[in-house]
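**Student:** Questions regarding the structure given below will be posed in turn.
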Amino acid sequence: MSKRYFTIGMAGHIDHGKTSLTKALTNVDTDRLKEEKERQISIELGFAPLYEDEELQISVVDVPGHERFIRQMIAGVAGIDLVVLVVAADEGVMPQTREHLDILGFLGIRSGIIAITKIDRVEEDFIELVKDDILGELKDTVFENAPFMMVDSLSKKGISELKERIIDTLKEQEMRDVKGAFRLPIDQVFTVKGQGTVIRGTVYEGTVEEGQQLRVLPSGLEVRARQLQVHHQPAKKAFAGQRAAINLSGISRDELERGEVLVSSEHFIVTNTIDVAIRVVEDLDHLVKQRTPIKCHIGTAEVMGRIVFFDRNELKEDNGEILCQLRLDEKIVTKRGDRFIVRRPSPQETIGGGWVIDPRGNKYRFGQQTMEELEKKKAGTPIERMNAALYEAKSLTIEELIKRTALDEQSILANLKDDQFIKISNKEYALTSVIDFIEEDIKDRLEDYHSGNAMRTGMYKAELLQTLQTAFSRSLLEFIIDNGISKGLFVKKDQYISLSAFSPHVPKSWEKRTETLVNELKKDGLQVAYLNDYLKKAGIPDSISIELKRFLEDQGVIVMLDDQYAWYGEHFAEAVRKLKEHTKDEFEVSQAKESVELSRKYLIPFLERLDSLGYTKRIDNKRIWKKK
């Protein structure tokens, strides 16, 4: 897929101009709630389209800056690819700015731009002092080497330059994984009159399509994506990195809540005990003791729980990663590598953040042995590393596996003998679980196609591949289709693919009218009227007539002589037999006319059809019978 999708975030202290800057960049006011207008602060996440061309689509999320709304800020930042850190020229770095910097680091944000706002309020010399102040605060953070952009949202000074810098930065950046199974943490749930339940969120990974069957986790409820919107515009698909609103069928507003996750696969893990690697903030105000109550922010979920250490009983500060465990009061959806933030519920304080090393945590004993096991988990066993690499990329060669896992070829070849791996080409491998998932996806697509196109032989193979190649390699798809054919799951006829259990047929609602059509055609023998006249007489509308003609011809029920005339299949076969019986190896039009007793109105189309079907070959004024 050539087009790439990104979401950027505005972060910073309250009243430093994030919402005004977003409006200046996008011409969209993200303070849409009445309460936000009255209090002049952002409470919920605000979203706006920033830029789109043939290569890029960029959205902006304006995250709240007030301490009370820190949870929305975490949910917003967790789904973005670049952060614009907003600092007001007349105030400089403030407490929430520092907390946001910590959170951005813990969430693994790697790309940033610093926007100094309200520059028209201060003298130019003062701006240099503000820059020095900011640089001191940014040491050892993702923004340490980030570019400075001077802007004023009211006068629009520097706005076009900032927008250009954002676009240029993202052009050089890798987008999220569109090849993985679809995952969207829900951050808003609401109802639309006449439409029903709608959820909104950022697509973390994968792709979702209109009409796709999905699952809500942790509840496990099955739903269907009835309609999609991206930037308030209808869309057939939404990709990783995009903000999407999805109208869901099969579920009510009361059955959903923020923090749940919409997925396309059953492979995502639902858990309440996770092994983690965590870092803590430098200026922690309070001791973190064994089993201290914490609030874990992961994706859009906000869950209470306790932190469990295996090598200490309390924590004040630590410059390195600490391996420990979070035992949560509610189940969440997560996988290895997901980022999270841990906060103290009272007094409110950010403790730290990190990444999930194992979503399937168990109860362990305190001591060195457990720490050694956690270290191994953090590094990952060879099979775990290979599994993670193949789950993300879907299929890889030996050379690509070596690069992604840092394992040697001998180790990789030895572990590829495990049943969870399968060879799909000379050097390419995939996970059996991924192959099973794609096979089911293909089955679902073919079932949907057959239900809407009952008279067609099957789906064009090229069309089927095109719908899937944005997510999976062609070699992987070819393997799965060929494997499905060998297992008797799929059937390939010419350029068509179908389910083996499917046979083309006339839909039940049109059976009687089709029977009338065929009987009338059969009754008239070789002296037929225009085919469209038979269709109209049988009450068959134009909307299905082309499809029906193609089906009847594919099944041999009729033979089209040309665009206007058709014969009943058995009558055509009888005419061919009769003509062959009364002519030698070659014949002229006059001989054919005597043999089958047809006027030129039917005779010429009949003979030309024999040529096109390969029965005969025309040379000058004669036709030669071809051996078949």
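Residues are referred to by chain and number: the chain letter is A, B, ... according to the order shown in the structure tokens, the number counts from 1 in that chain, and ligands are numbered separately from 1 in the order shown.
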Could you find all residues in range 152-214 of chain A that DSSP calls helix (DSSP H, G or I) from the backbone, and write them as a VMD selection string?
**Tutor:** chain A and resid 159 to 171
**Student:** If you keep N, CA, C and O atoms, can you produce a file of those selected residues as a PDB file, in the first residue's frame?
**Tutor:**
ATOM      1  N   ILE A 159       2.940  29.251  11.386  1.00  0.00           N
ATOM      2  CA  ILE A 159       2.034  28.092  11.303  1.00  0.00           C
ATOM      3  C   ILE A 159       2.340  27.243  10.070  1.00  0.00           C
ATOM      4  O   ILE A 159       2.442  26.015  10.153  1.00  0.00           O
ATOM      5  N   SER A 160       2.486  27.889   8.913  1.00  0.00           N
ATOM      6  CA  SER A 160       2.754  27.113   7.688  1.00  0.00           C
ATOM      7  C   SER A 160       4.095  26.398   7.777  1.00  0.00           C
ATOM      8  O   SER A 160       4.245  25.274   7.295  1.00  0.00           O
ATOM      9  N   GLU A 161       5.093  27.040   8.421  1.00  0.00           N
ATOM     10  CA  GLU A 161       6.409  26.406   8.581  1.00  0.00           C
ATOM     11  C   GLU A 161       6.320  25.187   9.499  1.00  0.00           C
ATOM     12  O   GLU A 161       6.947  24.150   9.235  1.00  0.00           O
ATOM     13  N   LEU A 162       5.526  25.297  10.571  1.00  0.00           N
ATOM     14  CA  LEU A 162       5.344  24.159  11.483  1.00  0.00           C
ATOM     15  C   LEU A 162       4.655  23.007  10.760  1.00  0.00           C
ATOM     16  O   LEU A 162       5.073  21.846  10.887  1.00  0.00           O
ATOM     17  N   LYS A 163       3.626  23.321   9.999  1.00  0.00           N
ATOM     18  CA  LYS A 163       2.892  22.285   9.259  1.00  0.00           C
ATOM     19  C   LYS A 163       3.820  21.579   8.277  1.00  0.00           C
ATOM     20  O   LYS A 163       3.812  20.340   8.160  1.00  0.00           O
ATOM     21  N   GLU A 164       4.644  22.351   7.607  1.00  0.00           N
ATOM     22  CA  GLU A 164       5.587  21.781   6.647  1.00  0.00           C
ATOM     23  C   GLU A 164       6.598  20.868   7.337  1.00  0.00           C
ATOM     24  O   GLU A 164       6.937  19.803   6.828  1.00  0.00           O
ATOM     25  N   ARG A 165       7.060  21.285   8.519  1.00  0.00           N
ATOM     26  CA  ARG A 165       8.016  20.474   9.284  1.00  0.00           C
ATOM     27  C   ARG A 165       7.380  19.147   9.713  1.00  0.00           C
ATOM     28  O   ARG A 165       8.016  18.094   9.663  1.00  0.00           O
ATOM     29  N   ILE A 166       6.128  19.195  10.156  1.00  0.00           N
ATOM     30  CA  ILE A 166       5.413  17.971  10.558  1.00  0.00           C
ATOM     31  C   ILE A 166       5.328  17.002   9.379  1.00  0.00           C
ATOM     32  O   ILE A 166       5.633  15.814   9.498  1.00  0.00           O
ATOM     33  N   ILE A 167       4.916  17.520   8.221  1.00  0.00           N
ATOM     34  CA  ILE A 167       4.755  16.678   7.025  1.00  0.00           C
ATOM     35  C   ILE A 167       6.089  16.064   6.620  1.00  0.00           C
ATOM     36  O   ILE A 167       6.187  14.860   6.354  1.00  0.00           O
ATOM     37  N   ASP A 168       7.149  16.887   6.594  1.00  0.00           N
ATOM     38  CA  ASP A 168       8.472  16.398   6.192  1.00  0.00           C
ATOM     39  C   ASP A 168       8.985  15.328   7.149  1.00  0.00           C
ATOM     40  O   ASP A 168       9.599  14.341   6.727  1.00  0.00           O
ATOM     41  N   THR A 169       8.731  15.517   8.450  1.00  0.00           N
ATOM     42  CA  THR A 169       9.180  14.545   9.453  1.00  0.00           C
ATOM     43  C   THR A 169       8.481  13.202   9.257  1.00  0.00           C
ATOM     44  O   THR A 169       9.111  12.143   9.287  1.00  0.00           O
ATOM     45  N   LEU A 170       7.173  13.240   9.022  1.00  0.00           N
ATOM     46  CA  LEU A 170       6.417  11.996   8.879  1.00  0.00           C
ATOM     47  C   LEU A 170       6.696  11.298   7.556  1.00  0.00           C
ATOM     48  O   LEU A 170       6.547  10.077   7.457  1.00  0.00           O
ATOM     49  N   LYS A 171       7.101  12.054   6.547  1.00  0.00           N
ATOM     50  CA  LYS A 171       7.464  11.422   5.272  1.00  0.00           C
ATOM     51  C   LYS A 171       8.651  10.477   5.438  1.00  0.00           C
ATOM     52  O   LYS A 171       8.798   9.509   4.696  1.00  0.00           O
TER      53      LYS A 171
END
**Student:** Just list as a count of residues only whatever in range 211-375 of chain A DSSP marks as strand (DSSP E).
**Tutor:** 92
**Student:** Could you name the residues that touch Glu428 in chain A at 12 Å or less, counting only C-alpha atoms, but leaving out those on the same chain fewer than 4 positions away, as a PyMOL selection string?
**Tutor:** chain A and resi 390+393-401+413+416+421-424+473-476+479
**Student:** Do you know which residues are at most 7 Å from Met149 in chain A counting only C-alpha atoms, after dropping those on the same chain fewer than 2 positions away, and could you put them as a PyMOL selection string?
**Tutor:** chain A and resi 114-116+147+151+162
**Student:** Could you save the residues just selected, with all heavy atoms, as a tab-separated table (two decimals), in the first residue's frame?
**Tutor:**
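File written: again-v9.tsv
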chain	number	residue	atom	x	y	z
A	114	ILE	N	9.20	20.78	19.00
A	114	ILE	CA	8.85	21.72	20.07
A	114	ILE	C	8.27	22.97	19.44
A	114	ILE	O	8.92	23.60	18.59
A	114	ILE	CB	10.07	22.09	20.92
A	114	ILE	CG1	10.67	20.82	21.53
A	114	ILE	CG2	9.69	23.07	22.01
A	114	ILE	CD1	12.13	20.94	21.82
A	115	ALA	N	7.05	23.32	19.82
A	115	ALA	CA	6.41	24.53	19.32
A	115	ALA	C	6.32	25.55	20.44
A	115	ALA	O	5.62	25.33	21.44
A	115	ALA	CB	5.02	24.21	18.77
A	116	ILE	N	7.06	26.65	20.32
A	116	ILE	CA	6.96	27.74	21.29
A	116	ILE	C	5.86	28.66	20.80
A	116	ILE	O	5.96	29.27	19.73
A	116	ILE	CB	8.29	28.48	21.44
A	116	ILE	CG1	9.37	27.52	21.95
A	116	ILE	CG2	8.14	29.67	22.38
A	116	ILE	CD1	10.73	28.15	22.17
A	147	PRO	N	13.62	19.77	16.88
A	147	PRO	CA	13.69	21.14	16.35
A	147	PRO	C	12.72	22.07	17.07
A	147	PRO	O	11.65	21.65	17.51
A	147	PRO	CB	13.29	20.96	14.89
A	147	PRO	CG	12.45	19.73	14.86
A	147	PRO	CD	13.01	18.83	15.91
A	151	VAL	N	5.83	29.97	16.86
A	151	VAL	CA	4.52	30.19	16.25
A	151	VAL	C	3.66	31.12	17.10
A	151	VAL	O	3.88	31.28	18.31
A	151	VAL	CB	3.75	28.86	16.06
A	151	VAL	CG1	4.50	27.93	15.12
A	151	VAL	CG2	3.48	28.17	17.38
A	162	LEU	N	5.53	25.30	10.57
A	162	LEU	CA	5.34	24.16	11.48
A	162	LEU	C	4.66	23.01	10.76
A	162	LEU	O	5.07	21.85	10.89
A	162	LEU	CB	4.53	24.57	12.70
A	162	LEU	CG	4.12	23.44	13.66
A	162	LEU	CD1	5.33	22.71	14.20
A	162	LEU	CD2	3.26	23.99	14.81
**Student:** Given only C-alpha atoms as the basis, pick out the residue of A:Gln57, A:Thr271, A:Thr514, A:Ser500 nearest to Ile540 in chain A.
**Tutor:**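 Answer, going by the shortest atom-to-atom distance: A:Thr514.
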**Student:** Just the residues within 12 Å of range 205-211 of chain A, please, counting only C-alpha atoms, with nothing from its chain fewer than 6 positions along; format it as number ranges by chain.
**Tutor:** A: 1, 5-6, 79-80, 175-185, 223-230, 234-249, 261-265, 338, 391-394, 441, 444-445, 448, 467-472
**Student:** Could you name the residues that touch Met371 in chain A at 9 Å or less, counting only C-alpha atoms, but leaving out those on the same chain fewer than 3 positions away, as a list of chain:residue names?
**Tutor:**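 Skipping anything fewer than 3 positions along the chain leaves A:Phe310, A:Asp311, A:Leu323, A:Cys324, A:Phe366, A:Gly367, A:Gln368, A:Leu374, A:Glu375, A:Lys376.
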**Student:** Excluding Thr197 in chain A and its own-chain neighbours fewer than 3 positions away, which residues fall within 7 Å of it when counting only C-alpha atoms? Please give them as a PDB file with N, CA and C atoms, in the first residue's frame.
**Tutor:**
ATOM      1  N   PHE A 190     -20.691   6.233  21.844  1.00  0.00           N
ATOM      2  CA  PHE A 190     -21.870   7.080  21.833  1.00  0.00           C
ATOM      3  C   PHE A 190     -22.903   6.492  20.862  1.00  0.00           C
ATOM      4  N   THR A 191     -24.071   7.095  20.832  1.00  0.00           N
ATOM      5  CA  THR A 191     -25.108   6.649  19.893  1.00  0.00           C
ATOM      6  C   THR A 191     -25.429   7.788  18.943  1.00  0.00           C
ATOM      7  N   VAL A 192     -25.758   7.429  17.714  1.00  0.00           N
ATOM      8  CA  VAL A 192     -26.189   8.396  16.698  1.00  0.00           C
ATOM      9  C   VAL A 192     -27.610   8.035  16.307  1.00  0.00           C
ATOM     10  N   ASN A 247     -19.496   2.393  13.221  1.00  0.00           N
ATOM     11  CA  ASN A 247     -20.880   2.110  13.589  1.00  0.00           C
ATOM     12  C   ASN A 247     -21.033   0.590  13.699  1.00  0.00           C
ATOM     13  N   LEU A 248     -21.337   0.112  14.909  1.00  0.00           N
ATOM     14  CA  LEU A 248     -21.371  -1.328  15.176  1.00  0.00           C
ATOM     15  C   LEU A 248     -22.804  -1.844  15.232  1.00  0.00           C
ATOM     16  N   SER A 252     -25.375  -2.919  21.979  1.00  0.00           N
ATOM     17  CA  SER A 252     -25.979  -1.654  22.406  1.00  0.00           C
ATOM     18  C   SER A 252     -24.926  -0.774  23.085  1.00  0.00           C
ATOM     19  N   ARG A 253     -25.251   0.488  23.203  1.00  0.00           N
ATOM     20  CA  ARG A 253     -24.348   1.453  23.850  1.00  0.00           C
ATOM     21  C   ARG A 253     -23.977   1.018  25.259  1.00  0.00           C
TER      22      ARG A 253
END
**Student:** What's the separation between CA of Ile480 in chain A and CA of Asp419 in chain A, in Å to one decimal place?
**Tutor:**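 Answer for the CA of Ile480 in chain A to CA of Asp419 in chain A separation: 16.7 Å.
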**Student:** So, counting only C-alpha atoms, which residue among A:Ala573, A:Leu82, A:Leu548, A:Val518 is closest to Glu172 in chain A?
**Tutor:**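 The closest residue to Glu172 in chain A is A:Leu82.
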**Student:** Work out how far CA of Glu349 in chain A is from CA of Gln325 in chain A, in Å to one decimal.
**Tutor:**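 Between these atoms lies a distance of 19.2 Å.
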**Student:** Name the closest residue to Lys593 in chain A among the candidates A:Ala575, A:Gln96, A:Leu154, A:Glu123; distances are taken between atoms, counting only C-alpha atoms.
**Tutor:**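 Using only C-alpha atoms, Lys593 in chain A sits closest to A:Ala575.
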